[in-house]
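Chemist: My questions will all concern the structure given below.
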There are 2 protein chains.
Amino acid sequence: MEKVSLIIKNANVLTIDEEFNQFSPGAVAIENDIIKAVGMETDILQSYSADVIMDADGKILMPGLINAHTHVPMTLLRGLADDLRLDVWLLGYMMPVEREYVTPEFVQLGTKLACAELIRSGITCFADMYYFEDDVAEATAEVGLRAICSESILKFPTPDAQSYEESLAYSIKFIEKWKNHALIIPAIAPHAPYTCTPEIIEKSREIAIKYDIPLHIHLAETQSEVENMIAENGMPVIPYMDQLNLFDAKVIAAHCVHIDPGEIRMLKANNAGVAHNPSSNLKLASGIAPVKQMMDIGINVGIGTDGPASNNDLDMFEEIRLTTFLAKGSSGDPTALPAKTTLAMATRIGAKALHIEEITGSISPGKRADLILIDIEKVHNAPWFRHSQESLYSQVVYAAKANDVSDLMVNGRWLMQDHQLLTVDEKALMEQGQKYAQKIDTFLFQRESSILSKLVAIGGTMEGESFEVQIKVRIDDPAQTVNSILTSGLSIQRKRHYHEYDTYFFFDDPEQGRLRYREDHFLSEKNEIINVRSRLTLIGENREQYFPQEVMLSRSRFYAPATQSLRFYKEYFNPGNTVEVEKDRKRYLVSYKDTEIFINVDTFIVPTLGSYLEIKSRTWSRLDAENKSKLVLELIELLGLKEKPIISKDYIELV
Amino acid sequence: MEKVSLIIKNANVLTIDEEFNQFSPGAVAIENDIIKAVGMETDILQSYSADVIMDADGKILMPGLINAHTHVPMTLLRGLADDLRLDVWLLGYMMPVEREYVTPEFVQLGTKLACAELIRSGITCFADMYYFEDDVAEATAEVGLRAICSESILKFPTPDAQSYEESLAYSIKFIEKWKNHALIIPAIAPHAPYTCTPEIIEKSREIAIKYDIPLHIHLAETQSEVENMIAENGMPVIPYMDQLNLFDAKVIAAHCVHIDPGEIRMLKANNAGVAHNPSSNLKLASGIAPVKQMMDIGINVGIGTDGPASNNDLDMFEEIRLTTFLAKGSSGDPTALPAKTTLAMATRIGAKALHIEEITGSISPGKRADLILIDIEKVHNAPWFRHSQESLYSQVVYAAKANDVSDLMVNGRWLMQDHQLLTVDEKALMEQGQKYAQKIDTFLFQRESSILSKLVAIGGTMEGESFEVQIKVRIDDPAQTVNSILTSGLSIQRKRHYHEYDTYFFFDDPEQGRLRYREDHFLSEKNEIINVRSRLTLIGENREQYFPQEVMLSRSRFYAPATQSLRFYKEYFNPGNTVEVEKDRKRYLVSYKDTEIFINVDTFIVPTLGSYLEIKSRTWSRLDAENKSKLVLELIELLGLKEKPIISKDYIELV
């Protein structure tokens with residue numbers, strides 16, 4: 001009779017090994033961190049003795065769940081902003097807050113808070129991707145969970161690196177530190193094809209191969225990612241990655257929502273693991289991944305929660321159920337992904353997807369002791385049927401909840417017993433987390449209270465306040481006015497022809513000013529579009545001063561290039577109402593008495609306001625403004641429009 | 001200062017009224033069963049006093065959830081059979097078990113077990129549809145939940161009625177008994193268009209209008225329901241129901257998965273409430289209902305769990321999250337159905353869908369006190385952000401779990417306090433439920449162990465065992481053999497021409513016999529198909545006896561009309577392997593020496609076995625069999641085939 005350190009008996013054992021062996025009543029013999037044997041209780045008790053024999057009380061004993069893709073420190077951003085479009089969510093909320101708050105301390109706290117939730121959800125192993133991944137690893141190892149910790153590399157500055165070269169250097173140091181740790185598997189994460197250069201992909205692949213570690217990457221998450229990839233590189237995402245030899249590494253491909261049958265075959269041929277994230281893909285409206293098709297061809301598809309900011313939790317029971325529901329609902333086949341198969345995706349097949357199948361993922365002799373006990377004797381899981389071999393799988397997948405997990409062991413160490421966490425103080429962590437949330441709330445309260453702050457938060461170079469002298473007169477015949485300008489003898493330094501599309505955002509609080517999204521189409525002599533430029537202008541509400549001649553010293557202005565779509569800005573700034581204006585503009589930069597002055601000949605298309613001559617000049621002081629306003633009035637006279645009433649309003653005020 | 005019976009203070013109150021008022025810290029004043037006032041805590045405490053003032057400890061206080069469609073007694077069938085096609089699941093498992101076990105006692109127990117789970121999931125009101133609905137009502141009223149109890153009417157016999165006339169009579173008695181009860185709203189449920197006759201629909205509608213009660217019905221759940229409706233009635237489901245004036249009643253339409261924009265407008269115009277059941281629709285692969293489109297047009301769409309046999313639980317938190325996830329994922333718009341809207345669907349809008357909005361669905365003065373407390377201070381819901389008015393909704397919808405509901409009140413009565421159920425003994429109910437499960441397990445073990453039992457279980461009239469004398473000879477020229485028959489002088493009483501498609505199911509245990517699915521295409525003189533008939537034949541394995549001349553007395557046979565598809569039978573019987581056979585058959589019923597004998601001239605198409613003459617006659621005794629075997633051999637000689645070797649095997653044994 002062999003002596004082991006622990007026997008767990010009287011369990012409904014789901015091994016989820018290749019043969020899906022079940023033992024009821026079953027037992028598991030564990031020697032320190034290793035599973036020595038699993039079988040019927042009578043067989044195990046005949047062959048093994050142990051100082052500690054634990055009675056599982058008829059609970060289900062199965063391998064711990066594997067969360068194949070997440071960003072655990074984002075637990076501190078759970079529920080920060082929801083029900084928004086991906087770009088508004090990411091560029092408007094996540095990234096500005098991350099830029100401000102993500103530090104090693106933030107990452108350690110977020111990781112520990114996540115670990116508490118992961119343990120309560122029956123998760124023994126997770127594949128993470130974030131910044132300061134060394135701190136994710138430190139915190140995870142301290143709590144005692146198993147993790148693949150993948151340091152993110154992006155072409156942009158990140159919270160932990162000013163450049164990707166810094167990130168790569170960090171990664172190498174990080175990998176060398178953690179390689180061969182009992183719990184932590186370091187990995188490298190070129191974030192996604194659209195956030196990395198080909199050089200980043202290639203360098204990351206080289207590092208992954210050199211150190212024999214997984215390479216973790218987001219692939220084909222959204223339709224627009226695929227469309228942009230085809231537009232830029234003439235092929236979809238997977239072939240492009242193959243062309244960069246990405247798949248020479250042990251790849252963990254998160255999402256793979258928008259891939260075609262050829263790409264599925266390519267993933268299979270290259271033994272890439274896939275991490276399916278059904279909640280996140282639905283919540284961000286990315287779509288439904290072809291999971292059944294990937295499983296049918298034999299790809300190892302694991303299941304992940306994605307980060308808690310886009311889920312909003314780390315509950316694998318929800319993801320497992322959703323995986324099987326979506327496969328059925330989207331295929332029209334209710335036999336697709338039966339409970340047994342999905343539970344294997346969340347355990348053994350997930351371990352294969354993460355390239356760690358020799359370590360964990362099933363209750364099999366030789367693997368590490370990563371296991372959970374689930375109490376299904378609950379009112380929401382009653383009664384129990386046993387006429388079929390599938391019944392226990394059904395109970396776990398279709399009726400059990402995260403909260404039914406009572407005990408959890410990683411690497412032979414209990415992290416939870418009878419619902420009590422043994423290695424983290426969750427109350428203290430929640431209190432610390434709440435302090436961050438309050439700081440971020442204050443930051444966002446202030447930002448959201450000011451359109452200017454919101455404009456600054458989404459970046460872009462900003463010009464400061466500006467003032468200008470501005471005057472308009474109504475004209476009847478713009479061609480004749482143009483002719484007057486050209487024949488006036490004025491020195492014309494530059495002329496331009498645009499078609500301008502403006503959208504004005506008005507806010508309930510008029511003190512916020514108004515925001516203009518302007519798309520300028522530059523036209524050639526032949527009226528062909530030769531260039532397009534978009535920019536945002538925040539226009540202050542208060543007029544500084546009127547001069548006697550009704551020449552206006554205008555309001556404060558802030559400019560930013562508009563790199564996102566009009567739709568993005570509408571959703572991000574959420575104006576009370578909007579007004580569209582479209583006009584044709586001929587613009588002349590003239591020099592008059594050594595002063596640079598702009599003359600615009602504008603004809604409105606939407607709304608039909610008619611045509612105007614507008615004369616403008618930048619200014620910086622009251623004296624300068626007074627001088628320029630005189631010059632502007634002289635120009636009006638010079639162009640033969642002296643009798644026309646002078647208009648000092650902005651166009652939008654005429655609408 | 002007004003005196004009330006109870007004040008709940010220090011709550012984060014989500015009223016989910018029309019204005020979505022929130023009060024933090026808020027309070028609610030309750031007088032017996034009625035909400036008197038809701039507002040900021042300071043305001044309520046200034047205006048009201050009470051003997052009992054409860055501190056909600058910062059928990060969320062909101063209206064109880066409304067489960068808009070379910071079959072609560074089916075809790076006792078949870079997990080009975082999963083991952084099956086709808087017809088196999090329904091006809092192969094649910095209905096046979098229901099026929100055997102559904103009694104008033106079963107219904108009462110199932111309802112109480114369900115109530116325990118409903119309370120733990122924060123559900124204060126549900127719309128049920130089942131049999132013995134009087135017992136559902138009794139059990140629900142005893143536990144103290146609010147329910148719409150809808151008695152099912154079908155054109156088939158049901159567990160509680162031999163005919164629909166019985167069901168209608170039961171319904172009227174049931175309605176008269178429960179009308180005006182404080183908790184129970186009786187309703188009538190013509191089950192679905194495809195399980196009811198137009199007369200049932202019309203009678204049900206008349207009863208619903210006469211008693212001013214809701215009419216609860218399954219509509220447009222599957223694509224095939226719609227296709228069949230169009231084939232039979234030339235229009236989709238909703239217009240057909242409109243033609244029967246269904247919508248003159250207060251309709252609760254469950255599912256509405258497959259409806260077009262015109263049908264959506266028709267539901268709106270008729271003020272029909274819709275019950276959306278996302279888990280069930282996915283799990284049974286019915287599809288994804290156009291919920292956003294229905295909500296956009298202003299239809300009152302509630303959310304339901306459907307029965308626990310197709311879900312497999314009664315957890316509204318899962319359904320709410322899934323509703324918003326699916327709306328986003330299927331529309332590509334992550335702003336679709338924000339958390340606030342979906343939570344309203346599960347409360348106030350759900351009440352409207354059930355036509356009981358004046359009673360319940362929001363924390364509004366004058367409504368009944370149906371409310372829950374949710375503790376979101378949990379590790380899976382930390383931290384809390386408060387910079388946005390949407391934050392609390394997000395926390396409830398995207399991160400909270402059923403288990404976070406700590407307290408529940410219906411009609412002013414606490415049914416759960418601090419997670420303790422006050423009106424049901426869930427442990428005792430689970431034990432009683434388990435006894436049923438064990439009985440059903442035994443029933444299914446026995447049934448699954450015998451193909452014959454499985455055949456009997458899915459109904460159809462069965463003929464008993466049969467025996468026949470049977471002989472074959474190989475022929476070279478079937479046309480010549482036909483000619484010999486026609487010119488033999490035999491009295492031909494009937495002739496037929498078929499094309500036969502057989503699928504043989506073989507089982508791992510040969511003693512089970514083999515099952516044949518045969519589709520007979522009857523052909524006219526011009527070889528046109530004039531009729532099609534399908535039937536199942538279970539053929540016993542053992543030959544009774546061989547006679548000296550190798551004329552065979554065949555094996556036992558059981559017949560059943562095949563009313564389902566071949567695919568259904570394959571999935572239901574799950575054979576070890578199957579073999580396809582296709583042949584052309586000319587069949588002659590002849591009278592020879594006062595004995596009726598069948599002569600078949602068969603030519604195989606798949607596989608290519610050539611042509612055969614087969615002579616058969618039914619028999620009932622050994623003596624009769626011996627006589628007939630002599631006659632059969634004489635006929636062989638008469639047809640000039642005496643020299644051919646006689647074959648006594650079934651065709652399938654030649655394949």
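Chain labels A, B, ... are given in the sequence in which chains occur in the structure tokens; within each chain residues are numbered consecutively from 1, and ligands are likewise numbered from 1 in the order shown.
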Please report as number ranges by chain which residues of chain B come no farther than 6 Å from chain A, using only C-alpha atoms.
Modeler: B: 83-85, 117, 282-285, 287, 312-313, 325, 328-329, 332-335, 338, 379-380, 383, 385, 387, 398-399, 433-434, 437, 441, 445
Chemist: Can I get the selection written as a short mmCIF file (atom, residue, chain, number, x, y, z; two decimals), in the first residue's frame, with N, CA and C atoms?
Modeler:
data_model
loop_
_atom_site.label_atom_id
_atom_site.label_comp_id
_atom_site.auth_asym_id
_atom_site.auth_seq_id
_atom_site.Cartn_x
_atom_site.Cartn_y
_atom_site.Cartn_z
N ASP B 83 -29.16 18.55 -24.78
CA ASP B 83 -28.35 18.47 -25.99
C ASP B 83 -29.00 17.60 -27.06
N LEU B 84 -30.34 17.64 -27.09
CA LEU B 84 -31.10 16.87 -28.07
C LEU B 84 -31.89 17.82 -28.94
N ARG B 85 -32.28 17.32 -30.12
CA ARG B 85 -33.13 18.11 -30.97
C ARG B 85 -34.52 18.22 -30.33
N GLU B 117 -36.55 28.23 -5.64
CA GLU B 117 -35.51 28.73 -6.54
C GLU B 117 -35.85 30.13 -7.04
N LEU B 282 -31.89 29.63 -27.28
CA LEU B 282 -30.55 29.21 -27.72
C LEU B 282 -30.36 27.72 -27.47
N LYS B 283 -30.73 27.25 -26.28
CA LYS B 283 -30.44 25.86 -25.92
C LYS B 283 -31.15 24.89 -26.84
N LEU B 284 -32.39 25.23 -27.23
CA LEU B 284 -33.14 24.37 -28.16
C LEU B 284 -32.87 24.77 -29.62
N ALA B 285 -31.94 25.72 -29.81
CA ALA B 285 -31.54 26.17 -31.15
C ALA B 285 -32.70 26.72 -31.96
N GLY B 287 -33.40 29.97 -32.13
CA GLY B 287 -32.91 31.18 -32.77
C GLY B 287 -32.87 32.35 -31.81
N ASN B 312 -31.24 25.31 -17.85
CA ASN B 312 -32.00 24.45 -16.98
C ASN B 312 -32.22 25.05 -15.60
N ASP B 313 -32.51 26.34 -15.51
CA ASP B 313 -32.78 26.89 -14.19
C ASP B 313 -33.79 28.02 -14.30
N PHE B 325 -26.96 40.96 -23.93
CA PHE B 325 -25.83 40.46 -24.73
C PHE B 325 -26.28 40.10 -26.14
N LYS B 328 -27.12 43.04 -28.40
CA LYS B 328 -25.90 43.70 -28.87
C LYS B 328 -25.20 42.84 -29.93
N GLY B 329 -24.99 41.58 -29.57
CA GLY B 329 -24.21 40.70 -30.44
C GLY B 329 -24.89 40.44 -31.77
N GLY B 332 -24.90 43.94 -33.85
CA GLY B 332 -23.63 44.61 -34.11
C GLY B 332 -23.55 45.97 -33.43
N ASP B 333 -24.51 46.26 -32.56
CA ASP B 333 -24.56 47.58 -31.92
C ASP B 333 -24.44 47.43 -30.41
N PRO B 334 -23.27 47.75 -29.85
CA PRO B 334 -23.08 47.54 -28.40
C PRO B 334 -23.88 48.50 -27.54
N THR B 335 -24.52 49.50 -28.15
CA THR B 335 -25.37 50.39 -27.36
C THR B 335 -26.80 49.86 -27.28
N PRO B 338 -29.32 48.94 -23.40
CA PRO B 338 -28.44 49.19 -22.25
C PRO B 338 -29.01 48.57 -20.98
N VAL B 379 -17.15 40.37 -3.89
CA VAL B 379 -15.88 40.46 -4.62
C VAL B 379 -16.10 40.43 -6.13
N HIS B 380 -17.14 39.73 -6.61
CA HIS B 380 -17.39 39.69 -8.05
C HIS B 380 -18.09 40.96 -8.55
N PRO B 383 -14.86 47.02 -7.88
CA PRO B 383 -15.36 48.09 -7.01
C PRO B 383 -16.63 48.71 -7.58
N PHE B 385 -18.42 52.02 -9.15
CA PHE B 385 -18.26 53.36 -9.74
C PHE B 385 -19.60 54.09 -9.64
N HIS B 387 -19.85 57.55 -11.08
CA HIS B 387 -19.76 58.80 -11.85
C HIS B 387 -20.90 58.94 -12.84
N TYR B 398 -24.77 43.37 -15.26
CA TYR B 398 -23.56 42.74 -15.80
C TYR B 398 -22.72 41.99 -14.79
N ALA B 399 -22.92 42.23 -13.49
CA ALA B 399 -22.04 41.55 -12.53
C ALA B 399 -22.78 40.84 -11.39
N GLY B 433 -38.34 15.67 -4.20
CA GLY B 433 -38.05 15.76 -5.63
C GLY B 433 -37.11 14.65 -6.07
N GLN B 434 -36.14 14.35 -5.20
CA GLN B 434 -35.17 13.31 -5.54
C GLN B 434 -35.84 11.95 -5.68
N ALA B 437 -37.15 11.79 -9.10
CA ALA B 437 -36.05 11.63 -10.06
C ALA B 437 -35.61 10.17 -10.11
N ASP B 441 -35.68 7.90 -13.27
CA ASP B 441 -34.44 7.25 -13.70
C ASP B 441 -34.67 5.77 -13.98
N PHE B 445 -34.16 3.99 -17.38
CA PHE B 445 -33.17 2.91 -17.48
C PHE B 445 -33.79 1.72 -18.19
#
Chemist: Could you give me, as a PyMOL selection string, the residues within 8 Å of stretch 361-375 of chain B, counting only C-alpha atoms and dropping anything in the same chain fewer than 4 positions from it?
Modeler: chain B and resi 14-17+30+33-38+56+59-66+122+124+347-351+357+404-412
Chemist: Could those residues be written to a file, using N, CA and C atoms, as an mmCIF file, in the first residue's frame?
Modeler:
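File produced: again-v5.cif:
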data_model
loop_
_atom_site.group_PDB
_atom_site.id
_atom_site.type_symbol
_atom_site.label_atom_id
_atom_site.label_comp_id
_atom_site.auth_asym_id
_atom_site.auth_seq_id
_atom_site.Cartn_x
_atom_site.Cartn_y
_atom_site.Cartn_z
ATOM 1 N N LEU B 14 -33.567 51.707 -6.649
ATOM 2 C CA LEU B 14 -33.839 51.812 -8.093
ATOM 3 C C LEU B 14 -35.345 51.601 -8.242
ATOM 4 N N THR B 15 -36.075 52.664 -8.485
ATOM 5 C CA THR B 15 -37.534 52.502 -8.564
ATOM 6 C C THR B 15 -37.946 51.794 -9.851
ATOM 7 N N ILE B 16 -37.147 52.002 -10.921
ATOM 8 C CA ILE B 16 -37.479 51.519 -12.267
ATOM 9 C C ILE B 16 -38.894 51.961 -12.642
ATOM 10 N N ASP B 17 -39.282 53.155 -12.159
ATOM 11 C CA ASP B 17 -40.547 53.730 -12.622
ATOM 12 C C ASP B 17 -40.325 54.375 -13.994
ATOM 13 N N ILE B 30 -44.092 51.433 3.475
ATOM 14 C CA ILE B 30 -45.039 50.384 3.053
ATOM 15 C C ILE B 30 -46.155 50.269 4.089
ATOM 16 N N ASP B 33 -49.785 45.763 2.340
ATOM 17 C CA ASP B 33 -49.340 45.214 1.056
ATOM 18 C C ASP B 33 -49.025 46.295 0.010
ATOM 19 N N ILE B 34 -49.151 47.565 0.385
ATOM 20 C CA ILE B 34 -49.066 48.657 -0.599
ATOM 21 C C ILE B 34 -47.856 49.565 -0.355
ATOM 22 N N ILE B 35 -47.197 49.959 -1.433
ATOM 23 C CA ILE B 35 -46.135 50.964 -1.347
ATOM 24 C C ILE B 35 -46.812 52.327 -1.184
ATOM 25 N N LYS B 36 -46.493 52.991 -0.068
ATOM 26 C CA LYS B 36 -47.102 54.306 0.177
ATOM 27 C C LYS B 36 -46.244 55.412 -0.420
ATOM 28 N N ALA B 37 -44.949 55.290 -0.268
ATOM 29 C CA ALA B 37 -44.085 56.372 -0.728
ATOM 30 C C ALA B 37 -42.673 55.849 -0.941
ATOM 31 N N VAL B 38 -41.946 56.520 -1.841
ATOM 32 C CA VAL B 38 -40.534 56.208 -2.053
ATOM 33 C C VAL B 38 -39.823 57.530 -2.299
ATOM 34 N N ALA B 56 -31.466 48.848 5.310
ATOM 35 C CA ALA B 56 -31.082 47.989 4.172
ATOM 36 C C ALA B 56 -29.574 47.920 3.997
ATOM 37 N N LYS B 59 -27.779 48.222 0.616
ATOM 38 C CA LYS B 59 -28.081 47.307 -0.494
ATOM 39 C C LYS B 59 -28.954 47.996 -1.551
ATOM 40 N N ILE B 60 -29.005 47.398 -2.724
ATOM 41 C CA ILE B 60 -29.924 47.881 -3.755
ATOM 42 C C ILE B 60 -31.329 47.402 -3.408
ATOM 43 N N LEU B 61 -32.288 48.334 -3.426
ATOM 44 C CA LEU B 61 -33.696 47.969 -3.257
ATOM 45 C C LEU B 61 -34.369 48.245 -4.591
ATOM 46 N N MET B 62 -34.979 47.245 -5.152
ATOM 47 C CA MET B 62 -35.645 47.437 -6.452
ATOM 48 C C MET B 62 -36.865 46.532 -6.555
ATOM 49 N N PRO B 63 -37.708 46.761 -7.576
ATOM 50 C CA PRO B 63 -38.867 45.877 -7.734
ATOM 51 C C PRO B 63 -38.398 44.441 -7.955
ATOM 52 N N GLY B 64 -39.179 43.487 -7.465
ATOM 53 C CA GLY B 64 -38.861 42.092 -7.711
ATOM 54 C C GLY B 64 -38.892 41.791 -9.198
ATOM 55 N N LEU B 65 -38.120 40.787 -9.605
ATOM 56 C CA LEU B 65 -38.063 40.430 -11.019
ATOM 57 C C LEU B 65 -39.325 39.675 -11.420
ATOM 58 N N ILE B 66 -39.714 39.845 -12.663
ATOM 59 C CA ILE B 66 -40.901 39.181 -13.198
ATOM 60 C C ILE B 66 -40.471 38.202 -14.278
ATOM 61 N N GLY B 122 -34.633 36.174 -6.836
ATOM 62 C CA GLY B 122 -35.162 37.543 -6.812
ATOM 63 C C GLY B 122 -36.443 37.734 -7.595
ATOM 64 N N THR B 124 -40.374 37.816 -7.932
ATOM 65 C CA THR B 124 -41.562 37.970 -7.086
ATOM 66 C C THR B 124 -42.830 37.566 -7.819
ATOM 67 N N THR B 347 -38.814 43.944 -15.132
ATOM 68 C CA THR B 347 -39.647 44.439 -14.020
ATOM 69 C C THR B 347 -40.879 45.158 -14.586
ATOM 70 N N ARG B 348 -40.793 46.490 -14.738
ATOM 71 C CA ARG B 348 -41.974 47.270 -15.108
ATOM 72 C C ARG B 348 -42.521 46.889 -16.482
ATOM 73 N N ILE B 349 -41.644 46.775 -17.485
ATOM 74 C CA ILE B 349 -42.132 46.453 -18.832
ATOM 75 C C ILE B 349 -42.657 45.011 -18.860
ATOM 76 N N GLY B 350 -42.021 44.138 -18.071
ATOM 77 C CA GLY B 350 -42.516 42.766 -17.946
ATOM 78 C C GLY B 350 -43.938 42.735 -17.389
ATOM 79 N N ALA B 351 -44.174 43.585 -16.380
ATOM 80 C CA ALA B 351 -45.533 43.669 -15.815
ATOM 81 C C ALA B 351 -46.524 44.128 -16.879
ATOM 82 N N GLU B 357 -49.610 45.808 -15.005
ATOM 83 C CA GLU B 357 -48.740 46.929 -14.633
ATOM 84 C C GLU B 357 -49.328 47.791 -13.535
ATOM 85 N N ASP B 404 -26.897 36.939 -4.989
ATOM 86 C CA ASP B 404 -26.688 38.211 -4.282
ATOM 87 C C ASP B 404 -28.001 38.781 -3.738
ATOM 88 N N VAL B 405 -29.133 38.221 -4.168
ATOM 89 C CA VAL B 405 -30.426 38.663 -3.631
ATOM 90 C C VAL B 405 -30.526 38.133 -2.200
ATOM 91 N N SER B 406 -30.660 39.037 -1.242
ATOM 92 C CA SER B 406 -30.652 38.619 0.159
ATOM 93 C C SER B 406 -32.058 38.594 0.763
ATOM 94 N N ASP B 407 -32.935 39.473 0.272
ATOM 95 C CA ASP B 407 -34.273 39.603 0.863
ATOM 96 C C ASP B 407 -35.305 39.765 -0.243
ATOM 97 N N LEU B 408 -36.475 39.223 -0.018
ATOM 98 C CA LEU B 408 -37.529 39.314 -1.035
ATOM 99 C C LEU B 408 -38.885 39.437 -0.357
ATOM 100 N N MET B 409 -39.691 40.378 -0.847
ATOM 101 C CA MET B 409 -41.029 40.614 -0.303
ATOM 102 C C MET B 409 -42.047 40.565 -1.439
ATOM 103 N N VAL B 410 -43.156 39.862 -1.197
ATOM 104 C CA VAL B 410 -44.271 39.874 -2.142
ATOM 105 C C VAL B 410 -45.534 40.289 -1.406
ATOM 106 N N ASN B 411 -46.207 41.279 -1.974
ATOM 107 C CA ASN B 411 -47.480 41.732 -1.402
ATOM 108 C C ASN B 411 -47.324 42.134 0.067
ATOM 109 N N GLY B 412 -46.152 42.714 0.373
ATOM 110 C CA GLY B 412 -45.893 43.192 1.720
ATOM 111 C C GLY B 412 -45.426 42.141 2.706
#
Chemist: May I have all residues of stretch 172-337 of chain A that DSSP, computed from the backbone, assigns to helix (DSSP H, G or I), given as a ChimeraX atom specification?
Modeler: /A:172-178,193-195,198-211,223-233,237-243,246-248,261-269,278-283,291-296,308-310,316-331
Chemist: Go ahead and compute the interatomic distance for atom CA of B:Ser450 and atom CA of B:Asp502, in Å to one decimal.
Modeler: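 Separation of atom CA of B:Ser450 and atom CA of B:Asp502: 21.8 Å.
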Chemist: Counting only C-alpha atoms, what is within 8 Å of stretch 250-261 of chain B, bar same-chain residues fewer than 2 positions away, as number ranges by chain?
Modeler: B: 69, 208-209, 212-223, 226, 236-238, 246-248, 263-265, 271-277, 281, 286-290, 353-355
Chemist: Skipping near chain neighbours, those fewer than 2 positions away, what residues fall within 10 Å of stretch 526-534 of chain B using only C-alpha atoms, listed as a ChimeraX atom specification?
Modeler: /B:497-502,517-524,536,560-566
Chemist: When DSSP works through the backbone of this structure, what residues of stretch 109-355 of chain A end up as strand (DSSP E), shown as a ChimeraX atom specification?
Modeler: /A:123-130,146-153,184-190,214-219,250-255,273-276,301-303
Chemist: So which one's closest to A:Thr197, A:Trp178, A:Tyr164, A:Phe558, A:Tyr569? Using only C-alpha atoms, please.
Modeler: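 For A:Thr197, the nearest of the candidates is A:Tyr164.
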Chemist: Go through A:Lys352, A:Arg413, A:His71, A:Arg567 and flag the residue nearest A:Glu133, using only C-alpha atoms for the distances.
Modeler: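 Of A:Lys352, A:Arg413, A:His71, A:Arg567, the one nearest A:Glu133, counting only C-alpha atoms, is A:His71.
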